[in-house]
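The file query-v4.cif contains mmCIF, C-alpha atoms; chains and numbers go by the auth columns:
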data_work
#
loop_
_atom_site.group_PDB
_atom_site.id
_atom_site.type_symbol
_atom_site.label_atom_id
_atom_site.label_comp_id
_atom_site.label_asym_id
_atom_site.label_seq_id
_atom_site.Cartn_x
_atom_site.Cartn_y
_atom_site.Cartn_z
_atom_site.B_iso_or_equiv
_atom_site.auth_seq_id
_atom_site.auth_asym_id
ATOM 1 C CA GLY A 1 89.367 86.473 103.841 0.00 1 O
ATOM 2 C CA VAL A 2 86.928 89.294 104.416 0.00 2 O
ATOM 3 C CA ARG A 3 86.229 91.838 101.747 0.00 3 O
ATOM 4 C CA GLU A 4 84.957 95.278 102.722 0.00 4 O
ATOM 5 C CA GLN A 5 83.327 97.732 100.376 0.00 5 O
ATOM 6 C CA SER A 6 82.247 101.269 101.277 0.00 6 O
ATOM 7 C CA HIS A 7 79.927 103.588 99.391 0.00 7 O
ATOM 8 C CA LEU A 8 79.778 107.360 99.728 0.00 8 O
ATOM 9 C CA ARG A 9 76.450 108.954 99.050 0.00 9 O
ATOM 10 C CA ALA A 10 75.956 112.704 98.921 0.00 10 O
ATOM 11 C CA VAL A 11 72.883 113.846 100.835 0.00 11 O
ATOM 12 C CA SER A 12 71.065 116.929 99.588 0.00 12 O
ATOM 13 C CA VAL A 13 68.664 118.864 101.793 0.00 13 O
ATOM 14 C CA PRO A 14 66.323 121.548 100.415 0.00 14 O
ATOM 15 C CA PRO A 15 66.709 125.018 101.891 0.00 15 O
ATOM 16 C CA SER A 16 64.711 126.438 104.753 0.00 16 O
ATOM 17 C CA ILE A 17 64.800 129.986 106.067 0.00 17 O
ATOM 18 C CA LEU A 18 63.385 131.813 109.066 0.00 18 O
ATOM 19 C CA ALA A 19 63.315 135.464 110.107 0.00 19 O
ATOM 20 C CA THR A 20 64.838 135.922 113.558 0.00 20 O
ATOM 21 C CA HIS A 21 62.685 138.933 114.532 0.00 21 O
ATOM 22 C CA GLN A 22 59.740 138.409 116.860 0.00 22 O
ATOM 23 C CA ASP A 23 56.454 138.180 114.944 0.00 23 O
ATOM 24 C CA GLN A 24 58.489 138.981 111.815 0.00 24 O
ATOM 25 C CA HIS A 25 58.176 142.699 112.626 0.00 25 O
ATOM 26 C CA ILE A 26 60.724 145.367 113.433 0.00 26 O
ATOM 27 C CA THR A 27 60.088 148.993 114.395 0.00 27 O
ATOM 28 C CA ALA A 28 62.491 151.869 113.754 0.00 28 O
ATOM 29 C CA ARG A 29 62.648 155.647 114.082 0.00 29 O
ATOM 30 C CA LEU A 30 63.573 158.019 111.286 0.00 30 O
ATOM 31 C CA GLY A 31 67.348 158.208 110.829 0.00 31 O
ATOM 32 C CA GLN A 32 68.008 155.085 112.864 0.00 32 O
ATOM 33 C CA ALA A 33 70.171 152.187 111.597 0.00 33 O
ATOM 34 C CA VAL A 34 68.320 148.869 111.301 0.00 34 O
ATOM 35 C CA THR A 35 69.640 145.350 110.676 0.00 35 O
ATOM 36 C CA LEU A 36 67.330 142.608 109.379 0.00 36 O
ATOM 37 C CA ARG A 37 68.378 138.986 109.859 0.00 37 O
ATOM 38 C CA CYS A 38 67.285 135.620 108.501 0.00 38 O
ATOM 39 C CA ASN A 39 68.773 132.189 109.335 0.00 39 O
ATOM 40 C CA ALA A 40 68.923 129.620 106.529 0.00 40 O
ATOM 41 C CA SER A 41 69.849 125.917 106.469 0.00 41 O
ATOM 42 C CA GLY A 42 70.176 123.205 103.861 0.00 42 O
ATOM 43 C CA VAL A 43 72.711 121.011 102.074 0.00 43 O
ATOM 44 C CA PRO A 44 74.567 122.414 100.290 0.00 44 O
ATOM 45 C CA SER A 45 74.561 125.656 102.283 0.00 45 O
ATOM 46 C CA PRO A 46 72.000 128.019 100.701 0.00 46 O
ATOM 47 C CA ASP A 47 72.687 131.391 99.173 0.00 47 O
ATOM 48 C CA ILE A 48 70.605 134.209 100.653 0.00 48 O
ATOM 49 C CA HIS A 49 69.257 137.160 98.651 0.00 49 O
ATOM 50 C CA TRP A 50 67.314 140.208 99.874 0.00 50 O
ATOM 51 C CA TYR A 51 64.436 142.027 98.195 0.00 51 O
ATOM 52 C CA LYS A 52 61.910 144.709 99.085 0.00 52 O
ATOM 53 C CA SER A 53 58.310 144.020 98.114 0.00 53 O
ATOM 54 C CA VAL A 54 57.798 147.545 96.730 0.00 54 O
ATOM 55 C CA GLY A 55 60.647 149.776 95.579 0.00 55 O
ATOM 56 C CA SER A 56 64.194 149.530 96.882 0.00 56 O
ATOM 57 C CA VAL A 57 66.143 150.972 99.807 0.00 57 O
ATOM 58 C CA PRO A 58 69.950 151.302 99.908 0.00 58 O
ATOM 59 C CA GLY A 59 71.527 148.846 102.328 0.00 59 O
ATOM 60 C CA SER A 60 74.422 146.429 102.809 0.00 60 O
ATOM 61 C CA VAL A 61 74.562 142.637 103.149 0.00 61 O
ATOM 62 C CA SER A 62 76.696 140.984 105.837 0.00 62 O
ATOM 63 C CA CYS A 63 76.793 137.850 108.049 0.00 63 O
ATOM 64 C CA SER A 64 77.430 135.684 104.954 0.00 64 O
ATOM 65 C CA GLY A 65 74.226 137.011 103.448 0.00 65 O
ATOM 66 C CA SER A 66 72.043 136.526 106.542 0.00 66 O
ATOM 67 C CA CYS A 67 71.953 140.239 107.498 0.00 67 O
ATOM 68 C CA TYR A 68 70.698 143.298 105.655 0.00 68 O
ATOM 69 C CA THR A 69 71.485 146.691 107.217 0.00 69 O
ATOM 70 C CA ILE A 70 69.753 149.988 106.389 0.00 70 O
ATOM 71 C CA PRO A 71 72.116 152.705 107.690 0.00 71 O
ATOM 72 C CA HIS A 72 69.629 155.595 107.809 0.00 72 O
ATOM 73 C CA VAL A 73 65.935 154.730 107.939 0.00 73 O
ATOM 74 C CA SER A 74 63.627 157.007 105.905 0.00 74 O
ATOM 75 C CA LEU A 75 59.894 156.911 105.273 0.00 75 O
ATOM 76 C CA ALA A 76 60.578 154.965 102.079 0.00 76 O
ATOM 77 C CA ALA A 77 62.232 152.230 104.149 0.00 77 O
ATOM 78 C CA GLY A 78 58.906 151.097 105.584 0.00 78 O
ATOM 79 C CA GLY A 79 57.357 147.957 104.144 0.00 79 O
ATOM 80 C CA ASP A 80 58.006 144.236 103.641 0.00 80 O
ATOM 81 C CA TYR A 81 61.489 142.804 103.089 0.00 81 O
ATOM 82 C CA ILE A 82 61.968 139.302 101.713 0.00 82 O
ATOM 83 C CA CYS A 83 64.966 137.051 102.369 0.00 83 O
ATOM 84 C CA SER A 84 65.200 134.181 99.911 0.00 84 O
ATOM 85 C CA ALA A 85 67.297 130.981 100.327 0.00 85 O
ATOM 86 C CA SER A 86 68.246 128.708 97.429 0.00 86 O
ATOM 87 C CA ASN A 87 70.788 125.888 97.008 0.00 87 O
ATOM 88 C CA GLY A 88 69.708 124.140 93.794 0.00 88 O
ATOM 89 C CA VAL A 89 67.693 121.545 95.673 0.00 89 O
ATOM 90 C CA GLY A 90 63.960 121.971 95.442 0.00 90 O
ATOM 91 C CA GLN A 91 62.336 125.400 95.320 0.00 91 O
ATOM 92 C CA PRO A 92 63.760 128.581 96.897 0.00 92 O
ATOM 93 C CA GLN A 93 62.267 129.375 100.289 0.00 93 O
ATOM 94 C CA HIS A 94 61.308 132.823 101.526 0.00 94 O
ATOM 95 C CA ALA A 95 60.717 134.683 104.781 0.00 95 O
ATOM 96 C CA THR A 96 59.211 138.155 105.185 0.00 96 O
ATOM 97 C CA ILE A 97 60.102 140.871 107.674 0.00 97 O
ATOM 98 C CA ARG A 98 57.895 143.950 107.990 0.00 98 O
ATOM 99 C CA VAL A 99 59.591 147.235 108.888 0.00 99 O
ATOM 100 C CA ASN A 100 57.380 149.848 110.568 0.00 100 O
ATOM 101 C CA ILE A 101 58.704 153.414 110.695 0.00 101 O
ATOM 102 C CA LEU A 102 57.796 155.571 113.699 0.00 102 O
ATOM 103 C CA VAL A 103 56.960 159.107 112.553 0.00 103 O
ATOM 104 C CA PRO A 104 56.096 162.110 114.758 0.00 104 O
ATOM 105 C CA PRO A 105 52.677 163.689 114.068 0.00 105 O
ATOM 106 C CA SER A 106 52.333 166.299 111.354 0.00 106 O
ATOM 107 C CA VAL A 107 49.163 168.420 111.218 0.00 107 O
ATOM 108 C CA SER A 108 48.243 170.889 108.487 0.00 108 O
ATOM 109 C CA SER A 109 45.098 172.948 108.012 0.00 109 O
ATOM 110 C CA MET A 110 43.123 172.478 104.805 0.00 110 O
ATOM 111 C CA VAL A 111 42.410 176.247 104.745 0.00 111 O
ATOM 112 C CA THR A 112 44.511 179.390 105.207 0.00 112 O
ATOM 113 C CA GLY A 113 43.798 179.518 108.942 0.00 113 O
ATOM 114 C CA GLN A 114 40.443 181.313 108.801 0.00 114 O
ATOM 115 C CA VAL A 115 36.995 179.914 108.015 0.00 115 O
ATOM 116 C CA GLN A 116 33.858 181.988 107.562 0.00 116 O
ATOM 117 C CA GLY A 117 30.712 180.714 109.256 0.00 117 O
ATOM 118 C CA GLY A 118 27.362 181.654 110.742 0.00 118 O
ATOM 119 C CA GLY A 119 23.978 182.022 109.117 0.00 119 O
ATOM 120 C CA GLY A 120 22.839 178.537 110.107 0.00 120 O
ATOM 121 C CA GLY A 121 24.804 176.734 107.403 0.00 121 O
ATOM 122 C CA VAL A 122 27.077 173.690 107.515 0.00 122 O
ATOM 123 C CA VAL A 123 30.726 174.580 108.204 0.00 123 O
ATOM 124 C CA ARG A 124 33.701 172.210 108.208 0.00 124 O
ATOM 125 C CA LEU A 125 37.030 172.752 109.941 0.00 125 O
ATOM 126 C CA GLU A 126 39.479 170.234 108.485 0.00 126 O
ATOM 127 C CA CYS A 127 43.048 169.229 109.222 0.00 127 O
ATOM 128 C CA LYS A 128 45.265 166.641 107.556 0.00 128 O
ATOM 129 C CA VAL A 129 47.086 164.352 109.970 0.00 129 O
ATOM 130 C CA GLU A 130 50.141 162.189 109.287 0.00 130 O
ATOM 131 C CA GLY A 131 52.191 160.057 111.666 0.00 131 O
ATOM 132 C CA GLU A 132 53.018 156.503 112.702 0.00 132 O
ATOM 133 C CA PRO A 133 51.544 155.077 114.804 0.00 133 O
ATOM 134 C CA LEU A 134 48.325 156.782 113.753 0.00 134 O
ATOM 135 C CA PRO A 135 47.955 159.848 116.004 0.00 135 O
ATOM 136 C CA ILE A 136 45.066 160.460 118.367 0.00 136 O
ATOM 137 C CA ILE A 137 43.271 163.666 117.329 0.00 137 O
ATOM 138 C CA GLN A 138 41.590 166.141 119.659 0.00 138 O
ATOM 139 C CA TRP A 139 39.955 169.505 118.992 0.00 139 O
ATOM 140 C CA PHE A 140 40.279 172.537 121.273 0.00 140 O
ATOM 141 C CA ARG A 141 38.300 175.765 121.303 0.00 141 O
ATOM 142 C CA ASP A 142 39.916 178.823 122.872 0.00 142 O
ATOM 143 C CA GLY A 143 42.289 176.477 124.705 0.00 143 O
ATOM 144 C CA GLN A 144 39.564 174.177 126.088 0.00 144 O
ATOM 145 C CA ARG A 145 39.343 170.570 124.932 0.00 145 O
ATOM 146 C CA MET A 146 36.103 169.707 123.150 0.00 146 O
ATOM 147 C CA GLY A 147 34.220 166.456 123.602 0.00 147 O
ATOM 148 C CA THR A 148 33.546 163.823 120.982 0.00 148 O
ATOM 149 C CA VAL A 149 30.032 165.148 120.296 0.00 149 O
ATOM 150 C CA GLY A 150 28.780 168.656 120.918 0.00 150 O
ATOM 151 C CA SER A 151 25.927 169.502 123.254 0.00 151 O
ATOM 152 C CA SER A 152 22.584 169.047 121.474 0.00 152 O
ATOM 153 C CA SER A 153 24.627 167.645 118.545 0.00 153 O
ATOM 154 C CA ARG A 154 25.975 171.099 117.641 0.00 154 O
ATOM 155 C CA PHE A 155 28.931 169.465 115.947 0.00 155 O
ATOM 156 C CA THR A 156 30.145 166.079 114.801 0.00 156 O
ATOM 157 C CA LEU A 157 33.608 164.629 114.173 0.00 157 O
ATOM 158 C CA GLU A 158 34.575 162.863 110.947 0.00 158 O
ATOM 159 C CA TRP A 159 37.693 160.902 109.969 0.00 159 O
ATOM 160 C CA ASN A 160 38.652 159.816 106.435 0.00 160 O
ATOM 161 C CA ASN A 161 41.356 157.163 106.632 0.00 161 O
ATOM 162 C CA ASP A 162 42.121 157.325 102.903 0.00 162 O
ATOM 163 C CA THR A 163 42.881 161.050 102.848 0.00 163 O
ATOM 164 C CA ARG A 164 44.013 161.236 106.516 0.00 164 O
ATOM 165 C CA ARG A 165 41.656 164.182 107.069 0.00 165 O
ATOM 166 C CA HIS A 166 39.895 164.907 110.331 0.00 166 O
ATOM 167 C CA ALA A 167 36.913 167.282 110.342 0.00 167 O
ATOM 168 C CA LEU A 168 34.999 169.205 112.965 0.00 168 O
ATOM 169 C CA VAL A 169 31.574 169.764 111.377 0.00 169 O
ATOM 170 C CA PHE A 170 29.006 172.319 112.549 0.00 170 O
ATOM 171 C CA THR A 171 25.593 171.379 111.197 0.00 171 O
ATOM 172 C CA ASN A 172 23.885 174.668 112.120 0.00 172 O
ATOM 173 C CA CYS A 173 26.692 177.168 112.550 0.00 173 O
ATOM 174 C CA SER A 174 25.912 180.439 114.304 0.00 174 O
ATOM 175 C CA SER A 175 27.750 183.204 116.129 0.00 175 O
ATOM 176 C CA VAL A 176 27.953 181.116 119.316 0.00 176 O
ATOM 177 C CA ASP A 177 30.383 178.832 117.474 0.00 177 O
ATOM 178 C CA PHE A 178 32.841 181.596 116.560 0.00 178 O
ATOM 179 C CA GLY A 179 36.272 181.269 118.164 0.00 179 O
ATOM 180 C CA ASN A 180 39.833 179.989 117.772 0.00 180 O
ATOM 181 C CA TYR A 181 40.098 176.242 117.240 0.00 181 O
ATOM 182 C CA SER A 182 43.107 173.949 117.224 0.00 182 O
ATOM 183 C CA CYS A 183 43.489 170.446 115.814 0.00 183 O
ATOM 184 C CA VAL A 184 45.981 168.544 118.017 0.00 184 O
ATOM 185 C CA ALA A 185 47.557 165.196 117.111 0.00 185 O
ATOM 186 C CA ASN A 186 49.470 162.960 119.557 0.00 186 O
ATOM 187 C CA ASN A 187 51.348 159.680 119.196 0.00 187 O
ATOM 188 C CA THR A 188 54.304 158.022 120.919 0.00 188 O
ATOM 189 C CA GLN A 189 56.717 160.215 118.949 0.00 189 O
ATOM 190 C CA GLY A 190 55.346 163.633 119.872 0.00 190 O
ATOM 191 C CA THR A 191 52.639 166.271 119.346 0.00 191 O
ATOM 192 C CA ASP A 192 51.724 168.708 116.588 0.00 192 O
ATOM 193 C CA ARG A 193 48.838 171.134 116.043 0.00 193 O
ATOM 194 C CA THR A 194 47.345 173.666 113.684 0.00 194 O
ATOM 195 C CA PHE A 195 45.057 176.620 114.368 0.00 195 O
ATOM 196 C CA ILE A 196 41.851 177.706 112.604 0.00 196 O
ATOM 197 C CA GLU A 197 39.708 180.748 113.369 0.00 197 O
ATOM 198 C CA LEU A 198 35.964 180.411 112.802 0.00 198 O
ATOM 199 C CA HIS A 199 34.430 183.867 112.309 0.00 199 O
ATOM 200 C CA GLY A 200 31.429 185.652 110.788 0.00 200 O
ATOM 201 C CA ARG A 201 33.198 188.430 108.902 0.00 201 O
ATOM 202 C CA PRO A 202 32.301 188.752 105.201 0.00 202 O
ATOM 203 C CA SER A 203 35.007 188.087 102.663 0.00 203 O
ATOM 204 C CA PRO A 204 36.880 191.104 101.214 0.00 204 O
ATOM 205 C CA PRO A 205 34.879 192.592 98.307 0.00 205 O
ATOM 206 C CA ILE A 206 36.070 191.803 94.800 0.00 206 O
ATOM 207 C CA PHE A 207 35.714 194.716 92.360 0.00 207 O
ATOM 208 C CA HIS A 208 34.637 194.031 88.795 0.00 208 O
ATOM 209 C CA HIS A 209 35.219 196.167 85.684 0.00 209 O
ATOM 210 C CA ARG A 210 34.084 199.759 85.905 0.00 210 O
ATOM 211 C CA THR A 211 31.166 200.582 83.593 0.00 211 O
ATOM 212 C CA LYS A 212 30.988 203.480 81.112 0.00 212 O
ATOM 213 C CA ASP A 213 28.665 205.460 83.400 0.00 213 O
ATOM 214 C CA ASN A 214 31.251 205.391 86.225 0.00 214 O
ATOM 215 C CA GLY A 215 29.453 202.513 87.884 0.00 215 O
ATOM 216 C CA LEU A 216 31.411 200.311 90.280 0.00 216 O
ATOM 217 C CA SER A 217 30.384 196.713 90.765 0.00 217 O
ATOM 218 C CA TRP A 218 31.646 194.379 93.473 0.00 218 O
ATOM 219 C CA SER A 219 30.699 191.138 95.142 0.00 219 O
ATOM 220 C CA THR A 220 31.373 189.564 98.490 0.00 220 O
ATOM 221 C CA TYR A 221 30.631 186.315 100.283 0.00 221 O
ATOM 222 C CA SER A 222 29.027 185.997 103.696 0.00 222 O
ATOM 223 C CA HIS A 223 27.103 183.288 105.545 0.00 223 O
ATOM 224 C CA ALA A 224 25.106 185.995 107.334 0.00 224 O
ATOM 225 C CA ARG A 225 23.098 188.585 105.423 0.00 225 O
ATOM 226 C CA ILE A 226 25.027 191.790 104.665 0.00 226 O
ATOM 227 C CA LYS A 227 23.294 194.929 105.903 0.00 227 O
ATOM 228 C CA MET A 228 25.481 197.748 104.613 0.00 228 O
ATOM 229 C CA TYR A 229 28.661 198.544 102.684 0.00 229 O
ATOM 230 C CA ARG A 230 30.935 201.489 103.332 0.00 230 O
ATOM 231 C CA LEU A 231 32.672 202.658 100.177 0.00 231 O
ATOM 232 C CA LEU A 232 35.860 204.731 100.314 0.00 232 O
ATOM 233 C CA TYR A 233 37.025 206.397 97.096 0.00 233 O
ATOM 234 C CA ARG A 234 38.842 209.451 95.786 0.00 234 O
ATOM 235 C CA LYS A 235 38.794 211.340 92.512 0.00 235 O
ATOM 236 C CA SER A 236 41.699 211.413 90.106 0.00 236 O
ATOM 237 C CA ASN A 237 44.477 213.868 91.011 0.00 237 O
ATOM 238 C CA SER A 238 42.964 214.329 94.471 0.00 238 O
ATOM 239 C CA SER A 239 44.284 213.249 97.854 0.00 239 O
ATOM 240 C CA VAL A 240 40.910 213.555 99.538 0.00 240 O
ATOM 241 C CA TRP A 241 39.125 210.307 100.292 0.00 241 O
ATOM 242 C CA LEU A 242 35.341 210.318 100.213 0.00 242 O
ATOM 243 C CA SER A 243 33.079 207.968 102.140 0.00 243 O
ATOM 244 C CA GLU A 244 29.627 206.693 101.265 0.00 244 O
ATOM 245 C CA ASN A 245 27.331 204.136 102.855 0.00 245 O
ATOM 246 C CA VAL A 246 25.765 201.761 100.329 0.00 246 O
ATOM 247 C CA PRO A 247 22.765 199.536 101.158 0.00 247 O
ATOM 248 C CA ARG A 248 23.142 195.829 100.545 0.00 248 O
ATOM 249 C CA GLY A 249 22.719 194.445 97.045 0.00 249 O
ATOM 250 C CA VAL A 250 20.719 191.637 95.520 0.00 250 O
ATOM 251 C CA ASP A 251 21.404 188.483 97.521 0.00 251 O
ATOM 252 C CA ASP A 252 21.462 184.911 96.575 0.00 252 O
ATOM 253 C CA GLU A 253 22.011 182.545 99.514 0.00 253 O
ATOM 254 C CA LYS A 254 25.510 183.657 100.510 0.00 254 O
ATOM 255 C CA ARG A 255 26.904 185.945 97.837 0.00 255 O
ATOM 256 C CA SER A 256 26.005 189.604 97.530 0.00 256 O
ATOM 257 C CA THR A 257 26.588 191.706 94.408 0.00 257 O
ATOM 258 C CA LYS A 258 26.258 195.477 94.333 0.00 258 O
ATOM 259 C CA THR A 259 26.650 198.183 91.680 0.00 259 O
ATOM 260 C CA LYS A 260 27.076 201.861 92.576 0.00 260 O
ATOM 261 C CA THR A 261 27.320 204.824 90.190 0.00 261 O
ATOM 262 C CA LEU A 262 29.742 207.544 91.298 0.00 262 O
ATOM 263 C CA ASN A 263 30.332 211.057 90.058 0.00 263 O
ATOM 264 C CA PHE A 264 34.031 211.322 89.221 0.00 264 O
ATOM 265 C CA ASN A 265 33.728 214.651 87.325 0.00 265 O
#
Could I get this structure in the form of structure tokens?
Amino acid sequence: GVREQSHLRAVSVPPSILATHQDQHITARLGQAVTLRCNASGVPSPDIHWYKSVGSVPGSVSCSGSCYTIPHVSLAAGGDYICSASNGVGQPQHATIRVNILVPPSVSSMVTGQVQGGGGGVVRLECKVEGEPLPIIQWFRDGQRMGTVGSSSRFTLEWNNDTRRHALVFTNCSSVDFGNYSCVANNTQGTDRTFIELHGRPSPPIFHHRTKDNGLSWSTYSHARIKMYRLLYRKSNSSVWLSENVPRGVDDEKRSTKTKTLNFN
């Protein structure tokens, strides 16, 4: 007779995993829902786990572990996500998906909206720019777009990628540069701007302590040399304001200090 004998042999296959997104990148807008997906194979069927390279973002797992859904994308959701497949055979395998968040431009002035200039000094108008993709920045003066370099190199443009600050720099600022400037940022998500006035007015005087001999001392800051002060004052228990012109004080380069003795008797 013929004897037959069969043998069953279990075959184990190490895991493999692949992100289904093109170039392993996905782009999303703020507030949008995003689903990441990885396909895994192996024998036995691998378990899939999801991680974020830095921090964590709330989400839910579906598709038997192959999908990870972020219901409301925030700025913190941007970054690399890792799907890991393991089945006890060999080493776990990983795939990475990068999530890029599209953010409309945001522009803020680094000053209060006014910058004092003139006197031939160096003056910087700076704005901080945020947004994704990185916005294109343009400067306008009195509504007219400025070039990349001023005539006769009157100004230069600087960009610091670490601080996200863009600067319009006047190397020899004078009265011809005074005006209203705007820093405008554009990307695929929109436009934003901030306004800065460049002027030659001196800063408001700061009064110091009154001396025993009724002397008043004050200081002010100006790029251009101060020619004259006009002092308004009134005596105690009087409603009458008096006016007096005071010649400029002792100057250092840009700060002027003046002391004036008044008769309050």
Counting only C-alpha atoms, the residue of O:Ile48, O:Val176, O:Leu134, O:Ala85 that sits nearest O:Cys63: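 Of O:Ile48, O:Val176, O:Leu134, O:Ala85, the one nearest O:Cys63 is O:Ile48, counting only C-alpha atoms.
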O:Gln138, O:Ser86, O:Ser174, O:Gln22 ranked by distance to O:Val99, top pick (using only C-alpha atoms):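 So, comparing all the options, the nearest one is O:Gln22.
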Length of the atom CA of O:Lys128 to atom CA of O:Glu197 vector [Å]: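 These atoms are spaced 16.2 Å apart.
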Shortest interatomic distance to O:Tyr181 - which of O:Arg124, O:Arg225, O:Arg37, O:His208, counting all atoms listed in the file: O:Arg124
Best match for closeness to O:Ile82 among O:Glu130, O:Ile17, O:Ala185, O:Asp177, counting only C-alpha atoms: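 Nearest candidate to O:Ile82 out of O:Glu130, O:Ile17, O:Ala185, O:Asp177: O:Ile17.
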Interatomic distance (Å, one decimal) between atom CA of O:Gly117 and atom CA of O:Asn172: 9.6 Å
Selection near O:Ile97, 12 Å with all atoms listed in the file, sequence-local residues under 6 positions removed, as a list of chain:residue names: O:Ile17, O:Leu18, O:Ala19, O:Thr20, O:His21, O:Gln22, O:Asp23, O:Gln24, O:His25, O:Ile26, O:Thr27, O:Thr35, O:Leu36, O:Arg37, O:Cys38, O:Trp50, O:Tyr51, O:Lys52, O:Ser53, O:Cys67, O:Tyr68, O:Gly78, O:Gly79, O:Asp80, O:Tyr81, O:Ile82, O:Cys83, O:Ser84
For atom CA of O:His49 and atom CA of O:His72, the interatomic separation in Å (one decimal): 20.6 Å
Residue with smallest distance to O:Val246 - pool O:Ala224, O:Ser217, O:Asp192, O:Asp162, counting only C-alpha atoms: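 Among O:Ala224, O:Ser217, O:Asp192, O:Asp162, it is O:Ser217 that comes nearest to O:Val246.
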Top pick for closest residue to O:Asn160, considering O:Val34, O:Cys127, O:Val115, O:Ser60 and counting only C-alpha atoms: O:Cys127
Residue IDs satisfying the PyMOL selection byres ((chain O and resi 123) around 6), as a list in words: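 Checking the PyMOL selection byres ((chain O and resi 123) around 6) against this file, the residues are Val122, Arg124, Val169 and Phe170 of chain O.
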Within 9 Å of O:Leu75 using all atoms listed in the file, minus same-chain residues under 5 positions, as a ChimeraX atom specification: /O:30,101-103
Reference answer for the PyMOL selection byres ((chain O and resi 194) around 6), as a PyMOL selection string: chain O and resi 108+182-183+193+195
